[in-house]
$ cat entry38.txt   # compact mmCIF, C-alpha atoms and all ligand atoms
# COMPACT_ATOMS: atom_id res chain seq x y z
CA MET A 201 -16.30 25.12 14.36
CA ALA A 202 -17.58 26.18 10.99
CA LEU A 203 -16.58 24.86 7.61
CA ARG A 204 -13.39 26.46 6.29
CA THR A 205 -14.07 28.04 2.89
CA LEU A 206 -11.85 29.27 0.04
CA GLU A 207 -11.42 32.64 1.75
CA SER A 208 -9.38 30.95 4.49
CA LEU A 209 -6.68 30.00 1.97
CA GLY A 210 -5.74 33.60 1.26
CA GLU A 211 -3.96 34.72 -1.90
CA LEU A 212 -3.82 31.83 -4.39
CA SER A 213 -2.09 33.42 -7.36
CA GLY A 214 0.79 31.19 -8.46
CA LYS A 215 -0.04 28.60 -5.82
CA LYS A 216 -0.54 24.94 -6.64
CA VAL A 217 -4.00 23.99 -5.45
CA ILE A 218 -5.13 20.37 -5.38
CA VAL A 219 -8.89 20.16 -5.89
CA ARG A 220 -10.57 16.92 -4.85
CA CYS A 221 -13.68 16.76 -7.05
CA ASP A 222 -16.28 14.06 -7.51
CA LEU A 223 -16.13 13.51 -11.25
CA ASN A 224 -17.60 10.03 -10.96
CA VAL A 225 -19.87 10.31 -14.00
CA PRO A 226 -21.75 7.47 -15.71
CA LEU A 227 -19.90 6.24 -18.81
CA ASP A 228 -21.11 4.19 -21.74
CA GLY A 229 -17.87 3.02 -23.30
CA GLY A 230 -15.88 6.24 -23.53
CA THR A 231 -18.99 8.43 -23.68
CA ILE A 232 -20.17 10.40 -20.68
CA THR A 233 -23.94 9.89 -20.44
CA ASP A 234 -24.55 12.52 -17.75
CA ASP A 235 -22.00 15.27 -17.11
CA GLY A 236 -23.90 16.77 -14.16
CA ARG A 237 -21.08 16.19 -11.71
CA ILE A 238 -18.52 17.83 -13.99
CA ARG A 239 -20.78 20.86 -14.43
CA ALA A 240 -21.29 21.06 -10.68
CA SER A 241 -17.51 21.32 -10.21
CA LEU A 242 -17.05 24.24 -12.60
CA GLY A 243 -17.79 27.07 -10.16
CA THR A 244 -14.88 26.30 -7.87
CA LEU A 245 -12.48 25.53 -10.72
CA ARG A 246 -13.32 28.78 -12.51
CA GLU A 247 -12.87 30.77 -9.32
CA LEU A 248 -9.46 29.21 -8.69
CA THR A 249 -8.15 29.63 -12.24
CA ALA A 250 -9.41 33.24 -12.30
CA ALA A 251 -7.43 33.80 -9.10
CA GLY A 252 -4.31 32.60 -10.89
CA ALA A 253 -3.98 29.28 -9.07
CA ARG A 254 -2.37 26.25 -10.71
CA VAL A 255 -5.15 23.72 -10.40
CA ILE A 256 -4.56 20.00 -9.92
CA VAL A 257 -7.83 18.09 -10.12
CA ILE A 258 -8.10 14.68 -8.49
CA SER A 259 -11.12 12.36 -8.44
CA HIS A 260 -12.25 8.78 -8.42
CA LEU A 261 -14.30 7.15 -11.15
CA GLY A 262 -16.23 3.92 -10.63
CA ARG A 263 -14.84 1.00 -8.67
CA PRO A 264 -11.67 -0.20 -10.39
CA GLY A 265 -10.70 -1.89 -7.12
CA GLY A 266 -7.13 -0.62 -6.88
CA GLU A 267 -6.20 -1.70 -10.40
CA GLU A 268 -5.44 0.32 -13.52
CA LYS A 269 -8.46 -0.51 -15.62
CA PRO A 270 -8.63 1.61 -18.79
CA GLU A 271 -12.44 1.63 -18.78
CA PHE A 272 -12.26 3.68 -15.57
CA SER A 273 -9.80 6.25 -16.90
CA LEU A 274 -10.56 9.90 -16.21
CA ALA A 275 -9.26 10.84 -19.68
CA PRO A 276 -12.73 11.40 -21.20
CA VAL A 277 -13.66 13.44 -18.13
CA ALA A 278 -10.62 15.69 -18.61
CA THR A 279 -11.63 16.25 -22.22
CA ARG A 280 -15.19 17.14 -21.24
CA LEU A 281 -13.94 19.42 -18.48
CA GLY A 282 -11.84 21.29 -21.04
CA GLU A 283 -14.89 21.77 -23.26
CA LEU A 284 -17.00 23.05 -20.37
CA LEU A 285 -14.27 25.36 -19.05
CA ASP A 286 -13.53 26.43 -22.60
CA ALA A 287 -9.83 26.19 -21.78
CA PRO A 288 -7.12 23.59 -22.31
CA VAL A 289 -7.08 20.94 -19.57
CA ALA A 290 -4.04 18.69 -19.31
CA PHE A 291 -4.32 15.04 -18.34
CA ALA A 292 -1.75 12.95 -16.49
CA ALA A 293 -1.81 9.23 -17.25
CA ASP A 294 -0.92 8.34 -13.66
CA THR A 295 -1.98 9.65 -10.25
CA VAL A 296 1.19 9.97 -8.19
CA GLY A 297 3.82 8.82 -10.72
CA HIS A 298 6.22 10.55 -13.12
CA ASP A 299 3.57 11.64 -15.57
CA ALA A 300 1.66 13.41 -12.81
CA GLU A 301 4.89 15.04 -11.59
CA ARG A 302 5.74 16.29 -15.06
CA ALA A 303 2.22 17.58 -15.70
CA VAL A 304 2.11 19.44 -12.38
CA ASP A 305 5.55 20.97 -12.98
CA ALA A 306 4.44 22.17 -16.41
CA LEU A 307 1.41 24.07 -15.04
CA GLU A 308 1.31 27.81 -15.40
CA ASP A 309 -0.83 30.20 -13.39
CA GLY A 310 -4.53 29.70 -14.15
CA GLN A 311 -4.02 26.31 -15.82
CA VAL A 312 -5.64 22.98 -14.99
CA VAL A 313 -4.47 19.37 -14.99
CA VAL A 314 -6.54 16.26 -14.20
CA LEU A 315 -4.63 13.37 -12.63
CA GLU A 316 -5.64 9.77 -13.35
CA ASN A 317 -8.25 7.95 -11.21
CA LEU A 318 -7.42 7.89 -7.49
CA ARG A 319 -8.93 4.43 -7.15
CA PHE A 320 -6.34 2.89 -9.46
CA HIS A 321 -4.50 2.77 -6.11
CA GLY A 322 -5.80 0.50 -3.37
CA ARG A 323 -4.28 2.82 -0.78
CA GLU A 324 -6.88 5.51 -1.57
CA THR A 325 -9.66 3.39 -0.07
CA SER A 326 -7.58 1.16 2.22
CA LYS A 327 -8.94 0.30 5.66
CA ASP A 328 -5.38 0.65 6.93
CA ALA A 329 -4.87 4.28 7.99
CA SER A 330 -1.09 4.16 7.49
CA GLU A 331 -1.57 3.08 3.86
CA ARG A 332 -4.00 5.92 3.29
CA GLU A 333 -1.64 8.36 4.95
CA GLU A 334 1.20 7.26 2.76
CA PHE A 335 -0.90 7.77 -0.39
CA ALA A 336 -2.15 11.15 0.85
CA THR A 337 1.46 12.22 1.46
CA ARG A 338 2.35 11.36 -2.12
CA LEU A 339 -0.57 13.48 -3.34
CA ALA A 340 0.18 16.34 -0.95
CA ARG A 341 3.66 16.96 -2.37
CA PHE A 342 1.99 18.24 -5.58
CA GLY A 343 0.27 21.17 -3.89
CA ASP A 344 0.48 24.18 -1.61
CA ALA A 345 -3.16 23.85 -0.57
CA VAL A 346 -6.11 21.49 -0.89
CA VAL A 347 -9.69 22.29 -1.79
CA GLU A 348 -12.20 19.56 -1.05
CA ASP A 349 -15.13 19.88 -3.41
CA GLY A 350 -16.14 16.24 -3.98
CA PHE A 351 -19.31 16.23 -1.96
CA GLY A 352 -20.30 12.83 -3.35
CA ALA A 353 -17.31 11.28 -1.57
CA ALA A 354 -17.60 13.23 1.70
CA HIS A 355 -19.03 10.24 3.56
CA ARG A 356 -15.93 8.15 2.81
CA LYS A 357 -12.87 7.93 5.00
CA HIS A 358 -10.59 7.79 1.99
CA ALA A 359 -7.05 9.15 1.65
CA SER A 360 -8.03 12.08 -0.60
CA VAL A 361 -11.00 12.96 1.61
CA TRP A 362 -9.84 12.36 5.17
CA GLU A 363 -6.03 12.32 5.31
CA LEU A 364 -5.08 14.73 2.52
CA PRO A 365 -6.80 17.86 3.91
CA LYS A 366 -4.88 17.40 7.15
CA LEU A 367 -1.52 17.57 5.40
CA LEU A 368 -1.90 20.99 3.76
CA PRO A 369 -3.89 24.18 4.31
CA SER A 370 -7.34 23.02 3.29
CA ALA A 371 -10.84 24.35 2.68
CA ALA A 372 -14.17 23.38 1.23
CA GLY A 373 -14.95 24.35 -2.36
CA ARG A 374 -18.10 26.17 -3.40
CA LEU A 375 -19.98 22.99 -4.25
CA VAL A 376 -19.45 21.44 -0.83
CA GLN A 377 -20.39 24.77 0.71
CA ALA A 378 -23.62 24.95 -1.30
CA GLU A 379 -24.55 21.33 -0.61
CA LEU A 380 -24.05 21.81 3.10
CA GLU A 381 -26.15 24.98 3.18
CA VAL A 382 -29.09 23.21 1.58
CA LEU A 383 -28.80 20.08 3.71
CA GLU A 384 -28.65 22.17 6.87
CA ARG A 385 -31.89 23.82 5.86
CA LEU A 386 -33.45 20.35 5.68
CA THR A 387 -32.13 19.26 9.07
CA THR A 388 -31.04 21.67 11.78
CA GLY A 389 -32.60 24.73 10.14
CA GLU A 390 -36.34 25.25 10.48
CA PRO A 391 -37.73 24.09 7.16
CA GLN A 392 -40.81 25.87 5.76
CA ARG A 393 -43.88 23.69 6.12
CA PRO A 394 -45.44 21.57 4.87
CA TYR A 395 -42.16 19.65 4.66
CA THR A 396 -42.40 16.56 2.45
CA VAL A 397 -39.82 13.86 1.84
CA VAL A 398 -40.21 11.50 -1.12
CA LEU A 399 -38.17 8.29 -1.06
CA GLY A 400 -37.79 5.65 -3.75
CA GLY A 401 -35.05 3.86 -5.62
CA SER A 402 -33.66 0.43 -5.10
CA LYS A 403 -31.18 0.70 -2.23
CA VAL A 404 -33.80 -0.03 0.41
CA SER A 405 -31.50 -0.91 3.28
CA ASP A 406 -29.49 2.31 2.71
CA LYS A 407 -32.60 4.42 3.04
CA LEU A 408 -34.34 2.93 6.05
CA GLY A 409 -32.00 4.91 8.32
CA VAL A 410 -33.07 8.13 6.64
CA ILE A 411 -36.70 7.39 7.42
CA ASP A 412 -35.72 6.91 11.03
CA ALA A 413 -33.98 10.28 11.20
CA LEU A 414 -36.54 12.24 9.20
CA LEU A 415 -39.80 10.91 10.63
CA PRO A 416 -39.67 13.29 13.62
CA ARG A 417 -38.99 16.29 11.34
CA VAL A 418 -41.29 15.96 8.36
CA ASP A 419 -45.01 16.42 7.81
CA ARG A 420 -45.28 13.79 5.11
CA LEU A 421 -43.19 10.92 3.91
CA LEU A 422 -44.08 9.47 0.50
CA ILE A 423 -42.69 6.04 -0.36
CA GLY A 424 -42.32 4.85 -3.95
CA GLY A 425 -39.73 2.99 -6.02
CA GLY A 426 -38.42 -0.42 -5.15
CA MET A 427 -38.64 0.25 -1.42
CA LEU A 428 -42.43 0.55 -1.40
CA PHE A 429 -42.81 -3.21 -1.72
CA THR A 430 -41.05 -3.88 1.57
CA PHE A 431 -43.69 -1.65 3.18
CA LEU A 432 -46.56 -3.32 1.33
CA LYS A 433 -45.24 -6.72 2.37
CA ALA A 434 -44.95 -5.49 5.96
CA GLN A 435 -48.64 -4.58 5.75
CA GLY A 436 -49.43 -8.11 4.63
CA HIS A 437 -49.85 -7.57 0.88
CA ALA A 438 -48.67 -10.16 -1.64
CA ILE A 439 -46.00 -8.50 -3.82
CA GLY A 440 -45.12 -11.20 -6.37
CA LYS A 441 -41.51 -10.98 -7.46
CA SER A 442 -41.18 -7.27 -6.66
CA LEU A 443 -38.05 -5.98 -4.94
CA LEU A 444 -38.04 -6.98 -1.26
CA ASP A 445 -35.64 -6.19 1.55
CA GLN A 446 -36.36 -9.17 3.76
CA ASP A 447 -34.20 -7.81 6.58
CA GLY A 448 -35.99 -4.47 6.42
CA LEU A 449 -39.47 -5.84 7.10
CA ASP A 450 -39.35 -5.31 10.84
CA ALA A 451 -37.97 -1.81 10.39
CA ALA A 452 -40.76 -1.01 7.92
CA ARG A 453 -43.36 -2.20 10.44
CA GLY A 454 -41.72 -0.03 13.07
CA TYR A 455 -41.82 3.07 10.86
CA LEU A 456 -45.48 2.53 10.04
CA ARG A 457 -46.24 2.38 13.76
CA GLN A 458 -44.01 5.37 14.56
CA ALA A 459 -45.57 7.51 11.83
CA GLU A 460 -48.99 6.82 13.25
CA GLU A 461 -47.88 7.70 16.79
CA ARG A 462 -46.25 10.94 15.65
CA GLY A 463 -49.07 11.99 13.38
CA VAL A 464 -46.77 11.97 10.34
CA ASP A 465 -48.46 11.18 7.07
CA LEU A 466 -46.57 8.13 5.79
CA VAL A 467 -48.09 7.85 2.34
CA LEU A 468 -47.87 4.54 0.51
CA PRO A 469 -49.08 3.90 -3.04
CA THR A 470 -52.61 2.70 -3.69
CA ASP A 471 -51.77 1.31 -7.12
CA VAL A 472 -48.66 0.08 -8.92
CA VAL A 473 -47.61 -0.95 -12.43
CA VAL A 474 -47.00 -4.71 -12.54
CA ALA A 475 -44.91 -6.32 -15.30
CA ASP A 476 -44.57 -10.00 -16.14
CA ARG A 477 -40.78 -9.60 -16.24
CA PHE A 478 -38.04 -6.99 -16.08
CA GLY A 479 -37.77 -5.42 -19.55
CA ALA A 480 -38.91 -2.53 -21.74
CA ASP A 481 -41.18 -4.82 -23.78
CA ALA A 482 -42.66 -6.72 -20.80
CA ALA A 483 -46.43 -7.05 -20.64
CA HIS A 484 -47.64 -4.78 -17.85
CA GLN A 485 -50.76 -3.39 -16.25
CA VAL A 486 -51.90 -1.20 -13.40
CA ALA A 487 -53.03 -3.06 -10.28
CA PRO A 488 -54.36 -1.93 -6.90
CA ILE A 489 -51.89 -2.81 -4.15
CA ASP A 490 -54.08 -5.64 -2.86
CA ALA A 491 -54.18 -7.27 -6.31
CA ILE A 492 -50.52 -7.31 -7.35
CA GLU A 493 -50.64 -11.07 -7.86
CA ALA A 494 -54.02 -10.91 -9.61
CA THR A 495 -52.60 -9.76 -12.96
CA PRO A 496 -52.00 -12.38 -15.71
CA ALA A 497 -48.42 -12.66 -14.43
CA GLY A 498 -49.79 -13.99 -11.15
CA ALA A 499 -47.20 -14.55 -8.42
CA ASP A 500 -44.45 -13.80 -10.98
CA GLY A 501 -45.58 -10.18 -11.34
CA ILE A 502 -42.98 -7.48 -10.64
CA GLY A 503 -43.96 -3.99 -9.53
CA LEU A 504 -41.87 -1.58 -11.59
CA ASP A 505 -43.58 1.79 -11.05
CA ILE A 506 -46.17 3.52 -8.92
CA GLY A 507 -49.61 3.57 -10.59
CA PRO A 508 -51.34 6.63 -12.09
CA ASP A 509 -53.61 7.29 -9.07
CA THR A 510 -50.60 7.22 -6.78
CA ALA A 511 -48.55 9.41 -9.12
CA ALA A 512 -51.34 12.02 -9.18
CA ARG A 513 -51.67 11.95 -5.40
CA PHE A 514 -47.90 12.17 -4.83
CA ALA A 515 -47.70 15.08 -7.32
CA ASP A 516 -50.46 16.95 -5.47
CA LEU A 517 -48.75 16.50 -2.13
CA VAL A 518 -45.39 17.60 -3.51
CA ARG A 519 -46.83 20.64 -5.27
CA GLY A 520 -48.59 21.71 -2.09
CA SER A 521 -45.40 21.61 -0.01
CA ALA A 522 -43.03 24.45 0.91
CA THR A 523 -40.00 22.20 1.39
CA VAL A 524 -39.42 18.95 -0.52
CA PHE A 525 -36.54 16.52 -0.48
CA TRP A 526 -36.69 13.75 -3.05
CA ASN A 527 -34.35 10.77 -3.21
CA GLY A 528 -34.82 7.73 -5.41
CA PRO A 529 -36.81 7.25 -8.62
CA MET A 530 -40.46 6.17 -8.25
CA GLY A 531 -39.99 3.35 -10.74
CA VAL A 532 -37.59 1.86 -13.25
CA PHE A 533 -37.48 5.15 -15.15
CA GLU A 534 -34.73 3.85 -17.44
CA LEU A 535 -37.45 1.82 -19.20
CA GLU A 536 -40.06 4.12 -20.75
CA PRO A 537 -43.16 2.06 -19.74
CA PHE A 538 -42.14 2.50 -16.08
CA ALA A 539 -41.05 6.16 -16.13
CA ALA A 540 -44.43 7.86 -15.60
CA GLY A 541 -44.34 7.91 -11.80
CA THR A 542 -40.87 9.44 -11.72
CA ARG A 543 -41.85 11.96 -14.40
CA ALA A 544 -44.96 13.03 -12.45
CA VAL A 545 -43.04 13.56 -9.22
CA ALA A 546 -40.21 15.41 -11.01
CA GLN A 547 -42.73 17.67 -12.74
CA ALA A 548 -44.43 18.43 -9.42
CA LEU A 549 -41.07 19.26 -7.87
CA THR A 550 -40.50 21.94 -10.52
CA GLU A 551 -43.79 23.53 -9.43
CA VAL A 552 -42.95 23.76 -5.73
CA ASP A 553 -43.23 27.26 -4.35
CA GLY A 554 -40.37 26.95 -1.87
CA LEU A 555 -37.28 24.77 -1.59
CA SER A 556 -37.09 21.66 -3.79
CA VAL A 557 -34.09 19.37 -3.45
CA VAL A 558 -33.22 16.32 -5.53
CA GLY A 559 -30.69 13.97 -3.94
CA GLY A 560 -29.21 10.76 -5.27
CA GLY A 561 -27.17 9.92 -8.34
CA ASP A 562 -29.91 8.06 -10.17
CA SER A 563 -32.56 10.59 -9.22
CA ALA A 564 -30.45 13.41 -10.65
CA ALA A 565 -29.81 11.35 -13.78
CA ALA A 566 -33.55 10.62 -13.99
CA VAL A 567 -34.63 14.26 -14.01
CA ARG A 568 -32.11 15.05 -16.74
CA GLN A 569 -32.95 11.97 -18.78
CA LEU A 570 -36.63 12.87 -18.59
CA GLY A 571 -35.81 16.27 -20.03
CA PHE A 572 -36.05 18.57 -17.00
CA SER A 573 -33.33 21.19 -16.87
CA ASP A 574 -31.39 21.60 -13.63
CA ASP A 575 -32.49 25.17 -13.03
CA ARG A 576 -36.10 24.11 -12.50
CA PHE A 577 -35.15 22.62 -9.13
CA GLY A 578 -33.97 24.47 -6.06
CA HIS A 579 -30.97 22.22 -5.75
CA ILE A 580 -29.76 18.96 -7.26
CA SER A 581 -27.38 17.31 -4.87
CA THR A 582 -24.34 15.61 -6.34
CA GLY A 583 -24.03 13.30 -3.37
CA GLY A 584 -26.36 10.34 -3.08
CA GLY A 585 -24.88 8.42 -0.18
CA ALA A 586 -23.32 11.55 1.31
CA SER A 587 -26.58 13.51 1.40
CA LEU A 588 -28.46 10.55 2.84
CA GLU A 589 -25.88 10.03 5.59
CA PHE A 590 -25.99 13.72 6.38
CA LEU A 591 -29.78 13.62 6.67
CA GLU A 592 -29.43 10.58 8.91
CA GLY A 593 -27.41 12.77 11.26
CA LYS A 594 -24.16 10.92 10.68
CA ALA A 595 -20.89 12.85 10.77
CA LEU A 596 -19.29 13.06 7.33
CA PRO A 597 -15.48 12.64 7.46
CA GLY A 598 -15.08 14.92 4.43
CA LEU A 599 -16.79 17.78 6.28
CA GLU A 600 -15.16 17.13 9.64
CA ALA A 601 -11.73 17.28 8.02
CA LEU A 602 -12.61 20.85 6.99
CA GLY A 603 -13.50 22.03 10.45
CA TRP A 604 -17.25 21.46 10.30
CA GLU A 605 -19.01 20.25 13.42
CA GLN A 606 -22.57 19.14 13.87
CA ALA A 607 -24.78 21.73 15.58
P1 LIG B 701 -30.45 7.15 -6.07
O1 LIG B 701 -29.18 6.89 -6.83
O2 LIG B 701 -31.22 8.31 -6.61
O3 LIG B 701 -30.23 7.24 -4.59
P2 LIG B 701 -31.08 4.34 -6.01
O4 LIG B 701 -29.68 4.05 -6.41
O5 LIG B 701 -31.51 3.94 -4.67
O6 LIG B 701 -31.41 5.89 -6.26
O7 LIG B 701 -32.08 3.61 -7.00
C1 LIG B 701 -32.15 3.90 -8.39
C2 LIG B 701 -32.68 2.71 -9.13
O8 LIG B 701 -33.88 2.25 -8.57
C3 LIG B 701 -32.98 3.02 -10.57
O9 LIG B 701 -32.02 2.39 -11.39
C4 LIG B 701 -34.38 2.42 -10.78
O10 LIG B 701 -34.48 1.66 -11.97
C5 LIG B 701 -34.54 1.54 -9.58
N1 LIG B 701 -35.94 1.29 -9.22
C6 LIG B 701 -36.92 2.18 -9.01
N2 LIG B 701 -38.09 1.57 -8.77
C7 LIG B 701 -37.85 0.25 -8.82
C8 LIG B 701 -38.66 -0.92 -8.67
N3 LIG B 701 -39.96 -0.83 -8.42
N4 LIG B 701 -38.06 -2.12 -8.79
C9 LIG B 701 -36.75 -2.22 -9.05
N5 LIG B 701 -35.93 -1.16 -9.21
C10 LIG B 701 -36.47 0.05 -9.09
MG MG B 702 -28.03 5.08 -7.12
$ encode --input "entry38.txt" --output "structure tokens"
Amino acid sequence: MALRTLESLGELSGKKVIVRCDLNVPLDGGTITDDGRIRASLGTLRELTAAGARVIVISHLGRPGGEEKPEFSLAPVATRLGELLDAPVAFAADTVGHDAERAVDALEDGQVVVLENLRFHGRETSKDASEREEFATRLARFGDAVVEDGFGAAHRKHASVWELPKLLPSAAGRLVQAELEVLERLTTGEPQRPYTVVLGGSKVSDKLGVIDALLPRVDRLLIGGGMLFTFLKAQGHAIGKSLLDQDGLDAARGYLRQAEERGVDLVLPTDVVVADRFGADAAHQVAPIDAIEATPAGADGIGLDIGPDTAARFADLVRGSATVFWNGPMGVFELEPFAAGTRAVAQALTEVDGLSVVGGGDSAAAVRQLGFSDDRFGHISTGGGASLEFLEGKALPGLEALGWEQA
């Protein structure tokens, strides 16, 4: 069955519509440092308010662990949402309590309220299905219908993602719909070739599964970021104190072998930037991959970016592709001396004549922090883990709950 979309909900004027968004934005104190996920939610919210719906936005923020921690309040997000919608947005100081009840009752057609962080309640993420069901039931009484638009949470079997859409008429929002369309082009659809996947970042173990799933589909796989060192180590290189996924070594060896057998170009760096410690003012220099421990830092050296030769080669390969999926920064882009590799790959992505997709929370933050505007990419996915799991071929509960089935 196909994904149910907003059309399936019929006339929404005057109806109370709960919208599960992913407004999990990075915060520095009370300041939102990247509002990409709020912006990505606007399309659906505008469509619903224009249709005269009474919109009840729910979301998680961070990992408060089932406790009411003020630093994880959605209040600043509600404020920002109001600015972006250019309309008043109410905020309820609890999620399923009296304040939420009052705020929902006060809604008029076309108005919006944001309820407090779902994860202030342990039942949202509980492993016990009956606890989740109970929480979902409390949420469901606020609405006549549910729209699931939090793609970033679609891989979680949480109350608001899995149980809630079964309790009311439910459909995917426009963001989930758009994300799914793009990801299907990268998987079951026939991608335009050459098809290149660029992987980096620090969550090595999370991403090994993606390599497994994508190796048979892609023409080239470029490996940068923290994960490259596990591959270099697997090839027998000394990597100093660089990031290493000890448990992933065997898998890395397997992928190197598999790539060779399948004729896939698994491209590893030829040079890296080695620092004497982790910090913006660390001494650092470029080293060929067989001389990582030959810098003055010796065996204490830490590889924090791909080197300039590698960056140029990666950029060429990306630019010359018709389909590119990129997940994970090439280096510690947050520190300027180690941002060049990520900048080069991001720049090349903006020059792709075809489909360019950026996936991953930090990767999306990186392109914005480095000054690239969103519209220079084909698509910036709001779901890191969710998009990776989809590419791995795993079923996402948040999509299944909306009628979607894998082809
Ligand atoms: P995403 O959120 O895009 O999926 P990850 O969460 O896997 O990406 O990784 C992002 C982080 O990886 C960034 O904070 C970046 O600093 C870090 N990173 C990139 N390269 C390295 C490296 N060589 N060593 C350590 N950390 C790295
Ligand atoms: Mg991340």
$ closest_residue --input "entry38.txt" --among "A:Ile489, A:Cys221, A:Ala251, A:Leu535" --to "ligand LIG 701 (chain B)" --atoms "only C-alpha atoms and all ligand atoms"
A:Leu535
$ closest_residue --input "entry38.txt" --among "A:Glu589, A:Phe342, A:Gly409, A:Val557" --to "Arg576 (chain A)" --atoms "only C-alpha atoms"
A:Val557
$ residues_near_point --input "entry38.txt" --point "(-20.3, 18.8, 11.1)" --cutoff "10 Å" --atoms "all atoms listed in the file" --output "list of chain:residue names"
A:Met201, A:Ala202, A:Leu203, A:Leu380, A:Glu384, A:Phe590, A:Gly593, A:Lys594, A:Ala595, A:Leu596, A:Pro597, A:Gly598, A:Leu599, A:Glu600, A:Ala601, A:Leu602, A:Gly603, A:Trp604, A:Glu605, A:Gln606, A:Ala607
$ write_last_selection --input "entry38.txt" --atoms "C-alpha atoms" --output "PDB file, in the frame of the given file"
ATOM      1  CA  MET A 201     -16.300  25.120  14.360  1.00  0.00           C
ATOM      2  CA  ALA A 202     -17.580  26.180  10.990  1.00  0.00           C
ATOM      3  CA  LEU A 203     -16.580  24.860   7.610  1.00  0.00           C
ATOM      4  CA  LEU A 380     -24.050  21.810   3.100  1.00  0.00           C
ATOM      5  CA  GLU A 384     -28.650  22.170   6.870  1.00  0.00           C
ATOM      6  CA  PHE A 590     -25.990  13.720   6.380  1.00  0.00           C
ATOM      7  CA  GLY A 593     -27.410  12.770  11.260  1.00  0.00           C
ATOM      8  CA  LYS A 594     -24.160  10.920  10.680  1.00  0.00           C
ATOM      9  CA  ALA A 595     -20.890  12.850  10.770  1.00  0.00           C
ATOM     10  CA  LEU A 596     -19.290  13.060   7.330  1.00  0.00           C
ATOM     11  CA  PRO A 597     -15.480  12.640   7.460  1.00  0.00           C
ATOM     12  CA  GLY A 598     -15.080  14.920   4.430  1.00  0.00           C
ATOM     13  CA  LEU A 599     -16.790  17.780   6.280  1.00  0.00           C
ATOM     14  CA  GLU A 600     -15.160  17.130   9.640  1.00  0.00           C
ATOM     15  CA  ALA A 601     -11.730  17.280   8.020  1.00  0.00           C
ATOM     16  CA  LEU A 602     -12.610  20.850   6.990  1.00  0.00           C
ATOM     17  CA  GLY A 603     -13.500  22.030  10.450  1.00  0.00           C
ATOM     18  CA  TRP A 604     -17.250  21.460  10.300  1.00  0.00           C
ATOM     19  CA  GLU A 605     -19.010  20.250  13.420  1.00  0.00           C
ATOM     20  CA  GLN A 606     -22.570  19.140  13.870  1.00  0.00           C
ATOM     21  CA  ALA A 607     -24.780  21.730  15.580  1.00  0.00           C
TER      22      ALA A 607
END
$ closest_residue --input "entry38.txt" --among "A:Val219, A:Glu493, A:Tyr395, A:Pro537" --to "Asp481 (chain A)" --atoms "all atoms listed in the file"
A:Pro537
$ closest_residue --input "entry38.txt" --among "A:Lys403, A:Arg237, A:Arg543, A:Arg280" --to "ligand MG 702 (chain B)" --atoms "all atoms listed in the file"
A:Lys403
$ residues_near_ligand --input "entry38.txt" --ligand "ligand MG 702 (chain B)" --cutoff "8 Å" --atoms "only C-alpha atoms and all ligand atoms" --output "NGL selection string"
:A and (401-403 or 528 or 560-563 or 584)
$ residues_near_ligand --input "entry38.txt" --ligand "ligand LIG 701 (chain B)" --cutoff "8 Å" --atoms "only C-alpha atoms and all ligand atoms" --output "MDAnalysis selection string"
chainID A and resid 400:404 406:407 424:429 442:443 502:506 527:535 559:565 584:585
$ residues_around --input "entry38.txt" --residues "Ala340 (chain A)" --least-positions-apart "5" --cutoff "7 Å" --atoms "all atoms listed in the file" --output "PyMOL selection string"
chain A and resi 364+367-368
$ write_last_selection --input "entry38.txt" --atoms "C-alpha atoms" --output "PDB file, keeping the file's coordinate frame"
ATOM      1  CA  LEU A 364      -5.080  14.730   2.520  1.00  0.00           C
ATOM      2  CA  LEU A 367      -1.520  17.570   5.400  1.00  0.00           C
ATOM      3  CA  LEU A 368      -1.900  20.990   3.760  1.00  0.00           C
TER       4      LEU A 368
END
$ closest_residue --input "entry38.txt" --among "A:Gly583, A:Pro488, A:Gly214, A:Gly252" --to "Asp349 (chain A)" --atoms "only C-alpha atoms"
A:Gly583
$ closest_residue --input "entry38.txt" --among "A:Leu285, A:His358, A:Glu348, A:Glu211" --to "Ala372 (chain A)" --atoms "only C-alpha atoms"
A:Glu348
$ residues_around --input "entry38.txt" --residues "Pro264 (chain A)" --least-positions-apart "5" --cutoff "9 Å" --atoms "only C-alpha atoms" --output "PDB file with C-alpha atoms, in the frame of the given file"
ATOM      1  CA  LYS A 269      -8.460  -0.510 -15.620  1.00  0.00           C
ATOM      2  CA  GLU A 271     -12.440   1.630 -18.780  1.00  0.00           C
ATOM      3  CA  PHE A 272     -12.260   3.680 -15.570  1.00  0.00           C
ATOM      4  CA  ASN A 317      -8.250   7.950 -11.210  1.00  0.00           C
ATOM      5  CA  ARG A 319      -8.930   4.430  -7.150  1.00  0.00           C
ATOM      6  CA  PHE A 320      -6.340   2.890  -9.460  1.00  0.00           C
ATOM      7  CA  HIS A 321      -4.500   2.770  -6.110  1.00  0.00           C
TER       8      HIS A 321
END
$ residues_around --input "entry38.txt" --residues "region 333-339 of chain A" --least-positions-apart "2" --cutoff "8 Å" --atoms "all atoms listed in the file" --output "compact mmCIF listing (two decimals) with C-alpha atoms, in the coordinates of the input"
# COMPACT_ATOMS: atom_id res chain seq x y z
CA VAL A 296 1.19 9.97 -8.19
CA ARG A 323 -4.28 2.82 -0.78
CA GLU A 324 -6.88 5.51 -1.57
CA ALA A 329 -4.87 4.28 7.99
CA SER A 330 -1.09 4.16 7.49
CA GLU A 331 -1.57 3.08 3.86
CA ARG A 341 3.66 16.96 -2.37
CA PHE A 342 1.99 18.24 -5.58
CA GLY A 343 0.27 21.17 -3.89
CA ALA A 359 -7.05 9.15 1.65
CA SER A 360 -8.03 12.08 -0.60
CA GLU A 363 -6.03 12.32 5.31
CA LEU A 364 -5.08 14.73 2.52
CA LEU A 367 -1.52 17.57 5.40
